[in-house]
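I have placed the structure first, in the form of structure tokens, so that the comments after it can refer back to it.
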Amino acid sequence: MSTVHDNVVNGFGGSPSRLDGRPVGRPADQDPLDRGRYPLDPWRLVETEFRTDDLGRVESLFSVGNGYLGLRGNLEEGRDAFAHGTFVNGFHETWSIRHAEEAYGFARVGQTLVNAPDAKLIKLYVDDEPLLLTNADLPEYERVLDFRTGILERCLIWRTPSGKRVRVRSTRQVSPADRHLAMITLEVTVLDADAPLVISSQVLNRQDGEDEYHIPSEAMGDDPRKAARFEERVLQPDVVHGDDGRLMLGYRCTNSQMTLGVGAYHEIATACSYTAETHAEDDVAQTVFQVEATAGEPILVTKFVSYHTSRSVPAAELVDRCRRTLDRAQRRGRAAVEAEQREWLESFWERSDVQVRGQPAIQQALRWNLFHLAQAGARVDGSGIPAKGVTGSGYSGHYFWDTEIFVAPFWTYTTPSIARNLARFRYSMLGAARARAAELNHPGALYPWRTINGQEASAYYAAGTAQYHINADVVYAVNQYVRATGDIEFLDREGIDLIVETARMWTDLGFWRENGDDTFHVHGVTGPDEYTTVVNDNLFTNLMARFNLRRAASYVRDLAERCPAAYGRMAVRLGLDPSELDEWERAAEAMVIPFDEHLGIHPQDAHFLEREVWDLPNTPAERRPLLLYYHPLVIYRFQVLKQADVVLALFLHSDEFTLEQKRADFDYYDPITTGDSTLSAPVQAVVAAEVGYADTALDYYYRALFVDLADLHGNTSDGVHVASNGGTWYATVFGFGGVRDCNGELSLDPRLPRTWDGLTFRLTWHGSRLRVDLTPGALVLDVEDGSSVSLTVRGRPVEVAAGQPVRMAMDTHGRDQSGAPESPALSGERREDGTVMTATVPTP
């Protein structure tokens with residue numbers, strides 16, 4: 001049996017050149033996009049050529065949404081689509097999971113995001129000839145997604161079969177200011193001749209068989225990342241109105257009984273003569289404009305659209321809500337709706353923008369990722385963030401740990417109010433988590449691995465329910481939010497319940513082993529690496545469990561001292577015995593954290609090193625990802641990782657490992673990590689940067705940055721990878737910015753890539769917004785909003801007051817592979833008059 005250590009040296013487990021700066025994949029200075037088709041632009045994604053060979057990818061890339069409502073980047077004409085998609089976060093159908101062999105505690109109720117009625121459709125006919133982009137003569141074509149306005153715009157010139165030239169301009173947006181509102185426009189101008197013209201605007205409920213994306217279910221094939229499929233009609237019509245100039249439809253899901261209302265209202269502006277007709281049936285409602293178009297005279301149609309959903313409210317009431325939303329939009333008008341959206345995004349970018357100077361391709365890609373984070377989280381309000389946001393039905397619209405570990409940090413440090421919403425969403429599911437824990441014979445609470453309604457929806461327990469770390473992941477995000485904001489009110493009123501109930505589960509799941517020294521073990525669990533399942537003492541799980549237990553004991557003791565009345569209410573509410581705190585602390589201190597003295601590394605689990613190493617270099621590229629080509633039992637027998645596991649622990653619990661341990665663990669696990677999960681590359685980038693592997697960090701950064709834009713995993717057509725969007729932010733800020741928040745203390749240890757001219761980002765910390773500006777020779781800290789921020793920079797305390805920027809001369813490139821960072825040459829000390837010293841002084 002060979003070891004990974006031997007195989008790394010021999011090149012069997014993966015070339016060590018990955019740690020010598022040679023790229024593991026695409027070279028870090030190579031732009032993966034076709035710049036003839038997608039020109040560089042710092043604030044827009046521009047497409048200059050229409051093609052049909054990658055419709056699914058571009059439909060996802062050009063999606064617009066606000067976290068509640070999402071419209072895929074389908075063509076306005078409604079044809080030529082890979083997958084039509086209109087999604088409302090949390091609007092789902094349920095179905096019975098049928099296991100080939102039943103067992104107690106298996107997930108019973110599947111949940112799948114429903115493809116809602118499609119209001120994007122606006123069909124155009126000139127001389128009774130339809131505009132169909134697949135065969136249209138298009139002398140000019142451009143589609144633009146603008147990150148500053150949030151508007152998707154398409155402009156083209158269409159030469160009709162009869163030779164007439166028609167300019168067609170359309171826009172589409174989903175309002176972050178008004179959660180239930182979308183707006184679509186179509187402007188048509190016949191340039192060189194008069195012509196009869198028809199504009200047919202529709203709301204269409206596609207039925208089973210009409211669209212593969214509409215039928216999300218058990219027949220998902222061999223790819224678990226895709227949505228499930230229903231075999232029967234999902235949406236039952238309840239309300240149909242179309243006789244007052246508005247299109248209004250209401251539906252009820254067959255099994256979940258969730259309800260939906262959708263409405264549309266149209267305005268037309270033109271000097272041409274026209275007629276308008278409205279008609280509605282169960283599954284289609286349309287307004288048809290017949291126009292006698294004159295040459296050079298524009299016809300502008302504005303379509304206001306509203307969606308409302310509920311778990312209990314009748315569809316008729318939701319339709320009334322749609323009417324009221326449309327009334328408000330009609331009163332405000334198109335210009336006001338656009339202005340409100342621009343204002344929201346302007347505020348978003350003030351808090352969240354990241355500037356990478358000297359790297360235009362990175363800048364564009366990074367802003368695209370940040371923009372999709374905004375679209376995934378802006379108005380989630382009482383919901384979670386699905387793995388694909390509202391851009392596709394991949395992963396059936398489920399919420400995973402992705403939110404807490406990869407997405408919530410972005411919101412915590414830029415827009416804490418949204419992070420609070422996400423924490424409260426998990427709190428709202430506490431009842432269902434308690435029920436799931438009881439079903440698995442545990443006290444306390446156990447959060448589902450994947451869910452929409454709070455029930456466990458993972459039919460494969462080995463890579464689903466066994467990932468108990470979800471409990472601690474939720475607590476980690478709550479703790480991060482509370483530490484970064486000081487929101488004690490949320491902690492005392494709701495967060496404490498969540499933290500206590502998850503801690504109770506851990507002391508029951510684990511057990512004591514007495515062998516001279518009492519040790520606490522957690523067996524039969526799965527860590528983040530889904531290629532190694534149902535193991536004993538998974539390092540990541542044990543570290544997270546220990547964190548959960550320590551935070552529970554600490555917060556409860558603090559509450560008892562700080563606010564005895566609140567503590568008393570909590571103790572009664574949860575039936576808390578003070579002796580439980582001692583039990584949590586004792587278990588945490590005795591928690592087993594695997595370490596192999598011979599190799600000097602942390603094994604992923606108690607028996608991980610006993611397995612044979614997978615021969616990744618000789619695994620054909622066409623047989624990747626492994627989960628689609630090898631039976632799980634084959635994969636489970638080997639040392640091979642789907643994604644970072646121990647390496648993720650090195651990042652999340654950075655203060656619990658020495659730099660030498662981090663480098664040794666990274667060296668061991670990097671060659672056997674496939675990166676088959678899009679969650680892996682951002683983590684590997686962060687830790688590679690920290691341990692001094694600058695080129696390797698950049699390579700992994702590129703993998704994360706372009707995973708959807710370049711479709712590196714071949715499944716962007718199912719929707720945008722929102723966790724990877726978040727991963728690009730924290731790979732930038734935590735990786736190259738060197739930001740850490742350990743025990744509520746903010747610190748910086750920059751590692752600016754040598755090919756970058758500079759990096760600027762913002763952090764919101766206890767209500768103040770700190771601007772961090774890195775250049776090759778200096779770090780400048782400035783409080784843009786709020787009072788002051790205290791932090792450490794490479795171990796030196798720094799206080800930054802509003803209006804008094806601090807400049808620190810240093811080598812911001814950070815560590816080389818020797819691991820020695822250069823100390824800051826200036827600590828930003830103040831003169832007696834309060835100004836900040838900016839003169840460079842020798843390095844101490």
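Ligands are numbered from 1 in the order shown, residues from 1 within each chain, and chains are lettered A, B, ... in the order they appear in the structure tokens.
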Residue list (strand (DSSP E or B), DSSP) for segment 260-472 of chain A, as a ChimeraX atom specification: /A:260-269,273-280,284-293,299-310,355-357,399,451
Could you write those residues out with C-alpha atoms, as a CSV table (one decimal), in the first residue's frame?
```csv
chain,number,residue,atom,x,y,z
A,260,LEU,CA,-48.9,31.6,-7.0
A,261,GLY,CA,-50.3,34.7,-8.6
A,262,VAL,CA,-48.8,36.4,-11.7
A,263,GLY,CA,-50.0,39.5,-13.4
A,264,ALA,CA,-48.9,41.7,-16.3
A,265,TYR,CA,-49.9,45.2,-17.4
A,266,HIS,CA,-48.8,46.9,-20.7
A,267,GLU,CA,-48.3,50.4,-21.9
A,268,ILE,CA,-47.6,51.4,-25.5
A,269,ALA,CA,-46.1,54.6,-26.8
A,273,SER,CA,-52.0,53.7,-35.3
A,274,TYR,CA,-52.7,50.5,-33.4
A,275,THR,CA,-55.2,48.2,-31.8
A,276,ALA,CA,-54.9,46.2,-28.6
A,277,GLU,CA,-56.6,43.0,-27.5
A,278,THR,CA,-56.3,41.0,-24.3
A,279,HIS,CA,-57.3,37.4,-23.9
A,280,ALA,CA,-56.7,34.8,-21.1
A,284,VAL,CA,-51.9,31.4,-21.5
A,285,ALA,CA,-52.8,35.0,-21.3
A,286,GLN,CA,-51.8,37.5,-23.9
A,287,THR,CA,-52.1,41.1,-25.0
A,288,VAL,CA,-51.7,41.6,-28.8
A,289,PHE,CA,-50.9,44.9,-30.4
A,290,GLN,CA,-51.5,45.3,-34.1
A,291,VAL,CA,-49.6,48.3,-35.4
A,292,GLU,CA,-49.5,50.1,-38.8
A,293,ALA,CA,-45.8,50.9,-38.5
A,299,ILE,CA,-43.2,51.6,-31.1
A,300,LEU,CA,-42.4,51.2,-27.4
A,301,VAL,CA,-44.2,48.6,-25.3
A,302,THR,CA,-43.5,48.5,-21.6
A,303,LYS,CA,-44.6,45.4,-19.7
A,304,PHE,CA,-44.9,45.5,-15.9
A,305,VAL,CA,-44.9,42.0,-14.3
A,306,SER,CA,-45.6,40.9,-10.8
A,307,TYR,CA,-45.3,37.5,-9.0
A,308,HIS,CA,-46.6,36.6,-5.5
A,309,THR,CA,-46.4,33.2,-3.8
A,310,SER,CA,-47.5,31.7,-0.5
A,355,GLN,CA,-11.2,46.8,-7.7
A,356,VAL,CA,-8.3,44.8,-9.2
A,357,ARG,CA,-6.0,47.2,-11.0
A,399,TYR,CA,-30.7,25.3,0.2
A,451,THR,CA,-34.1,21.4,1.7
```
Taking only segment 445-522 of chain A into account, list the residues labelled helix (DSSP H, G or I) by DSSP (computed from the backbone), as a PDB file with C-alpha atoms, in the first residue's frame.
```pdb
ATOM      1  CA  TYR A 461     -27.962   9.590   3.245  1.00  0.00           C
ATOM      2  CA  ALA A 462     -24.244   8.765   2.895  1.00  0.00           C
ATOM      3  CA  ALA A 463     -23.545  12.060   1.128  1.00  0.00           C
ATOM      4  CA  HIS A 469     -21.500  19.361  10.004  1.00  0.00           C
ATOM      5  CA  ILE A 470     -24.423  21.380   8.587  1.00  0.00           C
ATOM      6  CA  ASN A 471     -25.414  22.069  12.207  1.00  0.00           C
ATOM      7  CA  ALA A 472     -22.099  23.688  13.036  1.00  0.00           C
ATOM      8  CA  ASP A 473     -21.961  25.422   9.644  1.00  0.00           C
ATOM      9  CA  VAL A 474     -25.153  27.272  10.540  1.00  0.00           C
ATOM     10  CA  VAL A 475     -23.730  28.209  13.948  1.00  0.00           C
ATOM     11  CA  TYR A 476     -20.463  29.323  12.330  1.00  0.00           C
ATOM     12  CA  ALA A 477     -22.342  31.770  10.084  1.00  0.00           C
ATOM     13  CA  VAL A 478     -24.469  33.056  12.964  1.00  0.00           C
ATOM     14  CA  ASN A 479     -21.372  33.557  15.104  1.00  0.00           C
ATOM     15  CA  GLN A 480     -19.557  35.309  12.258  1.00  0.00           C
ATOM     16  CA  TYR A 481     -22.500  37.664  11.791  1.00  0.00           C
ATOM     17  CA  VAL A 482     -22.819  38.450  15.516  1.00  0.00           C
ATOM     18  CA  ARG A 483     -19.065  39.014  15.937  1.00  0.00           C
ATOM     19  CA  ALA A 484     -18.849  41.296  12.901  1.00  0.00           C
ATOM     20  CA  THR A 485     -21.935  43.359  13.766  1.00  0.00           C
ATOM     21  CA  ILE A 488     -26.660  41.019  20.505  1.00  0.00           C
ATOM     22  CA  GLU A 489     -30.405  41.573  20.165  1.00  0.00           C
ATOM     23  CA  PHE A 490     -30.666  38.853  17.510  1.00  0.00           C
ATOM     24  CA  LEU A 491     -28.380  36.566  19.482  1.00  0.00           C
ATOM     25  CA  ASP A 492     -30.348  36.924  22.721  1.00  0.00           C
ATOM     26  CA  ARG A 493     -33.783  36.595  21.170  1.00  0.00           C
ATOM     27  CA  GLU A 494     -33.351  33.944  18.462  1.00  0.00           C
ATOM     28  CA  GLY A 495     -29.758  32.974  17.750  1.00  0.00           C
ATOM     29  CA  ILE A 496     -29.186  31.509  21.201  1.00  0.00           C
ATOM     30  CA  ASP A 497     -31.954  28.930  20.678  1.00  0.00           C
ATOM     31  CA  LEU A 498     -30.362  27.736  17.472  1.00  0.00           C
ATOM     32  CA  ILE A 499     -26.906  27.533  19.039  1.00  0.00           C
ATOM     33  CA  VAL A 500     -28.083  25.634  22.137  1.00  0.00           C
ATOM     34  CA  GLU A 501     -30.187  23.106  20.248  1.00  0.00           C
ATOM     35  CA  THR A 502     -27.394  22.255  17.798  1.00  0.00           C
ATOM     36  CA  ALA A 503     -24.929  21.814  20.683  1.00  0.00           C
ATOM     37  CA  ARG A 504     -27.268  19.338  22.339  1.00  0.00           C
ATOM     38  CA  MET A 505     -27.184  17.202  19.212  1.00  0.00           C
ATOM     39  CA  TRP A 506     -23.374  16.969  19.250  1.00  0.00           C
ATOM     40  CA  THR A 507     -23.076  15.684  22.811  1.00  0.00           C
ATOM     41  CA  ASP A 508     -25.551  12.956  21.952  1.00  0.00           C
ATOM     42  CA  LEU A 509     -24.000  12.052  18.589  1.00  0.00           C
TER      43      LEU A 509
END
```
Counting only C-alpha atoms, which residues in segment 329-403 of chain A sit no more than 7 Å from segment 725-728 of chain A? For each one, give the nearest pair of atoms and the distance in Å, sorted by chain then residue number, as JSON lines.
```
{"residue": "A:Asn369", "atom": "CA", "partner": "A:Asn725", "partner_atom": "CA", "distance": 4.8}
{"residue": "A:Leu370", "atom": "CA", "partner": "A:Asn725", "partner_atom": "CA", "distance": 6.5}
{"residue": "A:His372", "atom": "CA", "partner": "A:Asn725", "partner_atom": "CA", "distance": 7.0}
{"residue": "A:Leu373", "atom": "CA", "partner": "A:Asn725", "partner_atom": "CA", "distance": 6.3}
```
Output C-alpha atoms for every residue in the selection just made, as a short mmCIF file (atom, residue, chain, number, x, y, z; two decimals), in the first residue's frame.
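Below is the file selection12.cif, written as the result:
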```
data_model
loop_
_atom_site.label_atom_id
_atom_site.label_comp_id
_atom_site.auth_asym_id
_atom_site.auth_seq_id
_atom_site.Cartn_x
_atom_site.Cartn_y
_atom_site.Cartn_z
CA ASN A 369 -19.68 37.27 -9.83
CA LEU A 370 -20.49 40.00 -7.30
CA HIS A 372 -24.86 37.58 -9.31
CA LEU A 373 -24.43 37.52 -5.54
#
```
Could the residues of segment 438-544 of chain A that have an atom at most 10 Å from segment 90-105 of chain A be listed as JSON lines, each with its closest atom pair and the distance in Å to one decimal, counting only C-alpha atoms and ordered by chain and ascending residue number?
```
{"residue": "A:Ala438", "atom": "CA", "partner": "A:Gly105", "partner_atom": "CA", "distance": 10.0}
{"residue": "A:Glu439", "atom": "CA", "partner": "A:Gly105", "partner_atom": "CA", "distance": 6.3}
{"residue": "A:Leu440", "atom": "CA", "partner": "A:Gly105", "partner_atom": "CA", "distance": 6.4}
{"residue": "A:Asn441", "atom": "CA", "partner": "A:Gly105", "partner_atom": "CA", "distance": 9.5}
{"residue": "A:Thr451", "atom": "CA", "partner": "A:Gly90", "partner_atom": "CA", "distance": 9.7}
{"residue": "A:Ile452", "atom": "CA", "partner": "A:Gly90", "partner_atom": "CA", "distance": 6.1}
{"residue": "A:Asn453", "atom": "CA", "partner": "A:Gly90", "partner_atom": "CA", "distance": 7.6}
{"residue": "A:Glu456", "atom": "CA", "partner": "A:Gly105", "partner_atom": "CA", "distance": 9.9}
{"residue": "A:Ala457", "atom": "CA", "partner": "A:Ile97", "partner_atom": "CA", "distance": 8.5}
{"residue": "A:Ser458", "atom": "CA", "partner": "A:Ile97", "partner_atom": "CA", "distance": 9.3}
{"residue": "A:Ala459", "atom": "CA", "partner": "A:Ile97", "partner_atom": "CA", "distance": 7.1}
{"residue": "A:Tyr460", "atom": "CA", "partner": "A:His99", "partner_atom": "CA", "distance": 9.5}
{"residue": "A:Tyr461", "atom": "CA", "partner": "A:Gly105", "partner_atom": "CA", "distance": 9.5}
{"residue": "A:Thr465", "atom": "CA", "partner": "A:Gly105", "partner_atom": "CA", "distance": 9.8}
```
How would the residues just chosen look if you wrote them out with all heavy atoms as a tab-separated table (two decimals), in the first residue's frame?
```tsv
chain	number	residue	atom	x	y	z
A	438	ALA	N	-35.12	14.36	16.34
A	438	ALA	CA	-35.89	13.33	17.06
A	438	ALA	C	-36.04	12.08	16.21
A	438	ALA	O	-35.96	10.96	16.71
A	438	ALA	CB	-37.24	13.89	17.47
A	439	GLU	N	-36.25	12.27	14.91
A	439	GLU	CA	-36.41	11.13	14.01
A	439	GLU	C	-35.14	10.29	13.97
A	439	GLU	O	-35.20	9.06	13.82
A	439	GLU	CB	-36.76	11.62	12.61
A	439	GLU	CG	-37.11	10.51	11.63
A	439	GLU	CD	-37.55	11.02	10.28
A	439	GLU	OE1	-37.14	12.16	9.92
A	439	GLU	OE2	-38.29	10.32	9.58
A	440	LEU	N	-33.99	10.95	14.12
A	440	LEU	CA	-32.72	10.24	14.14
A	440	LEU	C	-32.25	9.94	15.56
A	440	LEU	O	-31.07	9.67	15.79
A	440	LEU	CB	-31.65	11.02	13.37
A	440	LEU	CG	-31.57	10.69	11.87
A	440	LEU	CD1	-32.83	11.10	11.12
A	440	LEU	CD2	-30.35	11.33	11.23
A	441	ASN	N	-33.19	10.04	16.49
A	441	ASN	CA	-32.94	9.65	17.89
A	441	ASN	C	-31.93	10.54	18.60
A	441	ASN	O	-31.16	10.08	19.44
A	441	ASN	CB	-32.50	8.18	17.97
A	441	ASN	CG	-33.49	7.25	17.32
A	441	ASN	OD1	-34.65	7.20	17.73
A	441	ASN	ND2	-33.06	6.53	16.29
A	451	THR	N	-32.74	21.14	1.40
A	451	THR	CA	-34.15	21.35	1.70
A	451	THR	C	-34.66	22.61	1.03
A	451	THR	O	-33.88	23.46	0.60
A	451	THR	CB	-34.37	21.46	3.23
A	451	THR	OG1	-35.77	21.43	3.52
A	451	THR	CG2	-33.79	22.77	3.77
A	452	ILE	N	-35.98	22.72	0.97
A	452	ILE	CA	-36.65	23.99	0.68
A	452	ILE	C	-37.59	24.34	1.82
A	452	ILE	O	-37.58	25.44	2.33
A	452	ILE	CB	-37.43	23.94	-0.65
A	452	ILE	CG1	-36.49	23.69	-1.84
A	452	ILE	CG2	-38.20	25.25	-0.86
A	452	ILE	CD1	-37.20	23.57	-3.18
A	453	ASN	N	-38.36	23.34	2.27
A	453	ASN	CA	-39.39	23.60	3.29
A	453	ASN	C	-38.97	23.24	4.71
A	453	ASN	O	-39.78	23.32	5.63
A	453	ASN	CB	-40.69	22.88	2.92
A	453	ASN	CG	-40.53	21.37	2.91
A	453	ASN	OD1	-39.52	20.83	3.37
A	453	ASN	ND2	-41.52	20.68	2.36
A	456	GLU	N	-35.77	17.17	5.35
A	456	GLU	CA	-34.64	16.60	4.64
A	456	GLU	C	-35.11	16.08	3.28
A	456	GLU	O	-36.06	15.32	3.18
A	456	GLU	CB	-34.02	15.45	5.44
A	456	GLU	CG	-32.85	14.75	4.75
A	456	GLU	CD	-31.68	15.69	4.50
A	456	GLU	OE1	-30.92	15.94	5.46
A	456	GLU	OE2	-31.56	16.19	3.36
A	457	ALA	N	-34.41	16.51	2.22
A	457	ALA	CA	-34.77	16.10	0.87
A	457	ALA	C	-33.67	15.29	0.20
A	457	ALA	O	-33.77	14.99	-0.99
A	457	ALA	CB	-35.10	17.33	0.01
A	458	SER	N	-32.62	14.94	0.94
A	458	SER	CA	-31.54	14.16	0.37
A	458	SER	C	-31.86	12.67	0.48
A	458	SER	O	-31.92	12.11	1.57
A	458	SER	CB	-30.22	14.45	1.09
A	458	SER	OG	-29.19	13.63	0.58
A	459	ALA	N	-32.06	12.04	-0.66
A	459	ALA	CA	-32.41	10.63	-0.67
A	459	ALA	C	-31.20	9.73	-0.45
A	459	ALA	O	-31.36	8.55	-0.14
A	459	ALA	CB	-33.08	10.27	-2.00
A	460	TYR	N	-30.01	10.28	-0.60
A	460	TYR	CA	-28.79	9.47	-0.45
A	460	TYR	C	-28.11	9.88	0.85
A	460	TYR	O	-27.35	10.84	0.90
A	460	TYR	CB	-27.86	9.69	-1.65
A	460	TYR	CG	-26.64	8.79	-1.63
A	460	TYR	CD1	-26.76	7.41	-1.48
A	460	TYR	CD2	-25.37	9.32	-1.75
A	460	TYR	CE1	-25.64	6.59	-1.45
A	460	TYR	CE2	-24.24	8.52	-1.73
A	460	TYR	CZ	-24.40	7.14	-1.58
A	460	TYR	OH	-23.28	6.34	-1.55
A	461	TYR	N	-28.38	9.15	1.92
A	461	TYR	CA	-27.96	9.59	3.24
A	461	TYR	C	-26.45	9.66	3.41
A	461	TYR	O	-25.93	10.48	4.16
A	461	TYR	CB	-28.55	8.68	4.33
A	461	TYR	CG	-27.90	7.32	4.44
A	461	TYR	CD1	-26.78	7.13	5.25
A	461	TYR	CD2	-28.38	6.22	3.72
A	461	TYR	CE1	-26.17	5.89	5.35
A	461	TYR	CE2	-27.77	4.99	3.81
A	461	TYR	CZ	-26.67	4.82	4.63
A	461	TYR	OH	-26.06	3.60	4.71
A	465	THR	N	-27.65	13.21	4.64
A	465	THR	CA	-27.93	13.30	6.07
A	465	THR	C	-26.67	13.11	6.92
A	465	THR	O	-26.54	13.72	7.99
A	465	THR	CB	-28.99	12.26	6.46
A	465	THR	OG1	-30.20	12.56	5.74
A	465	THR	CG2	-29.29	12.29	7.94
```
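Within the 10 Å cut-off around Leu641 of chain A, using only C-alpha atoms and omitting residues fewer than 2 positions from it on the same chain, the listed residues are Pro528, Asp529, Glu530, Tyr531, Thr532, Gln604, Trp614, Leu626, Ile635, Tyr636, Phe638, Gln639, Gln643, Ala644, Asp645, Tyr669, Asp670, Pro671, Ile672, Thr673, Thr674, Gly675, Asp676, Ser677 and Ser680 of chain A.
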Selected residue of minimal separation from Ala681 of chain A among A:Ala697, A:Ala704, A:Ala809, A:Leu628, counting only C-alpha atoms: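 Looking at the shortest contact to Ala681 of chain A, the residue is A:Ala704.
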Asn255 of chain A environment, 12 Å, only C-alpha atoms, sequence neighbours closer than 4 positions dropped, as a list in words: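 Selected residues are His92, Glu93, Thr94, Trp95, Ser96, Val109, Gly110, Gln111, Thr112, Val114, Phe230, Glu232, Arg233, Val234, Leu235, Gln236, Thr259 and Arg311 of chain A.
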Residue selection dump (N, CA, C and O atoms) as a short mmCIF file (atom, residue, chain, number, x, y, z; two decimals), in the first residue's frame:
```cif
data_model
loop_
_atom_site.label_atom_id
_atom_site.label_comp_id
_atom_site.auth_asym_id
_atom_site.auth_seq_id
_atom_site.Cartn_x
_atom_site.Cartn_y
_atom_site.Cartn_z
N HIS A 92 -42.23 25.65 -4.56
CA HIS A 92 -41.85 24.28 -4.89
C HIS A 92 -43.03 23.32 -4.86
O HIS A 92 -44.08 23.60 -4.27
N GLU A 93 -42.83 22.21 -5.49
CA GLU A 93 -43.75 21.08 -5.43
C GLU A 93 -43.10 19.97 -4.62
O GLU A 93 -41.86 19.88 -4.55
N THR A 94 -43.91 19.17 -3.98
CA THR A 94 -43.41 18.04 -3.21
C THR A 94 -43.80 16.74 -3.88
O THR A 94 -44.75 16.68 -4.67
N TRP A 95 -43.06 15.69 -3.56
CA TRP A 95 -43.32 14.38 -4.13
C TRP A 95 -42.74 13.34 -3.19
O TRP A 95 -41.85 13.61 -2.39
N SER A 96 -43.26 12.16 -3.25
CA SER A 96 -42.80 11.08 -2.39
C SER A 96 -41.53 10.46 -2.95
O SER A 96 -41.49 10.04 -4.12
N VAL A 109 -39.93 13.06 1.73
CA VAL A 109 -40.61 14.07 0.93
C VAL A 109 -39.60 14.84 0.09
O VAL A 109 -38.78 15.59 0.63
N GLY A 110 -39.65 14.63 -1.21
CA GLY A 110 -38.81 15.40 -2.11
C GLY A 110 -39.42 16.77 -2.35
O GLY A 110 -40.64 16.95 -2.28
N GLN A 111 -38.57 17.75 -2.61
CA GLN A 111 -39.01 19.11 -2.90
C GLN A 111 -38.26 19.60 -4.12
O GLN A 111 -37.04 19.43 -4.20
N THR A 112 -38.97 20.20 -5.03
CA THR A 112 -38.34 20.67 -6.27
C THR A 112 -38.90 22.03 -6.65
O THR A 112 -40.11 22.23 -6.66
N VAL A 114 -40.34 24.89 -8.72
CA VAL A 114 -41.26 24.84 -9.85
C VAL A 114 -40.92 25.93 -10.85
O VAL A 114 -40.63 27.07 -10.46
N PHE A 230 -40.98 15.89 -12.56
CA PHE A 230 -42.33 15.49 -12.23
C PHE A 230 -42.94 14.73 -13.40
O PHE A 230 -42.61 14.96 -14.55
N GLU A 232 -46.43 14.39 -13.51
CA GLU A 232 -47.81 14.84 -13.64
C GLU A 232 -47.85 16.36 -13.65
O GLU A 232 -46.87 17.03 -13.33
N ARG A 233 -49.02 16.90 -13.97
CA ARG A 233 -49.19 18.35 -13.98
C ARG A 233 -48.94 18.90 -12.58
O ARG A 233 -49.42 18.37 -11.58
N VAL A 234 -48.20 19.98 -12.52
CA VAL A 234 -47.83 20.57 -11.23
C VAL A 234 -48.76 21.72 -10.86
O VAL A 234 -49.30 21.76 -9.76
N LEU A 235 -48.96 22.67 -11.76
CA LEU A 235 -49.74 23.87 -11.45
C LEU A 235 -51.18 23.72 -11.89
O LEU A 235 -51.48 23.56 -13.08
N GLN A 236 -52.09 23.78 -10.91
CA GLN A 236 -53.52 23.69 -11.20
C GLN A 236 -54.09 25.11 -11.27
O GLN A 236 -53.92 25.91 -10.35
N THR A 259 -49.30 28.34 -3.49
CA THR A 259 -50.07 29.10 -4.46
C THR A 259 -49.22 30.20 -5.07
O THR A 259 -48.24 30.67 -4.47
N ARG A 311 -47.48 29.86 1.01
CA ARG A 311 -47.71 28.48 1.44
C ARG A 311 -49.16 28.24 1.84
O ARG A 311 -49.58 27.11 2.02
#
```
Near-Val380 of chain A list (12 Å; only C-alpha atoms; drop same-chain fewer than 4 positions) as a ChimeraX atom specification: /A:65-70,88-90,176,178-180,373-376,384-386,389-390,403,417-425
Length of the atom CA of Glu745 of chain A to atom CA of Thr792 of chain A vector [Å]: 8.1 Å
Between atom CA of Val319 of chain A and atom CA of Gly250 of chain A, distance in Å (one decimal):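 Taking atom CA of Val319 of chain A as the start and atom CA of Gly250 of chain A as the end point, the length is 6.3 Å.
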Separation of atom CA of Val687 of chain A from atom CA of Thr732 of chain A in Å: 11.7 Å
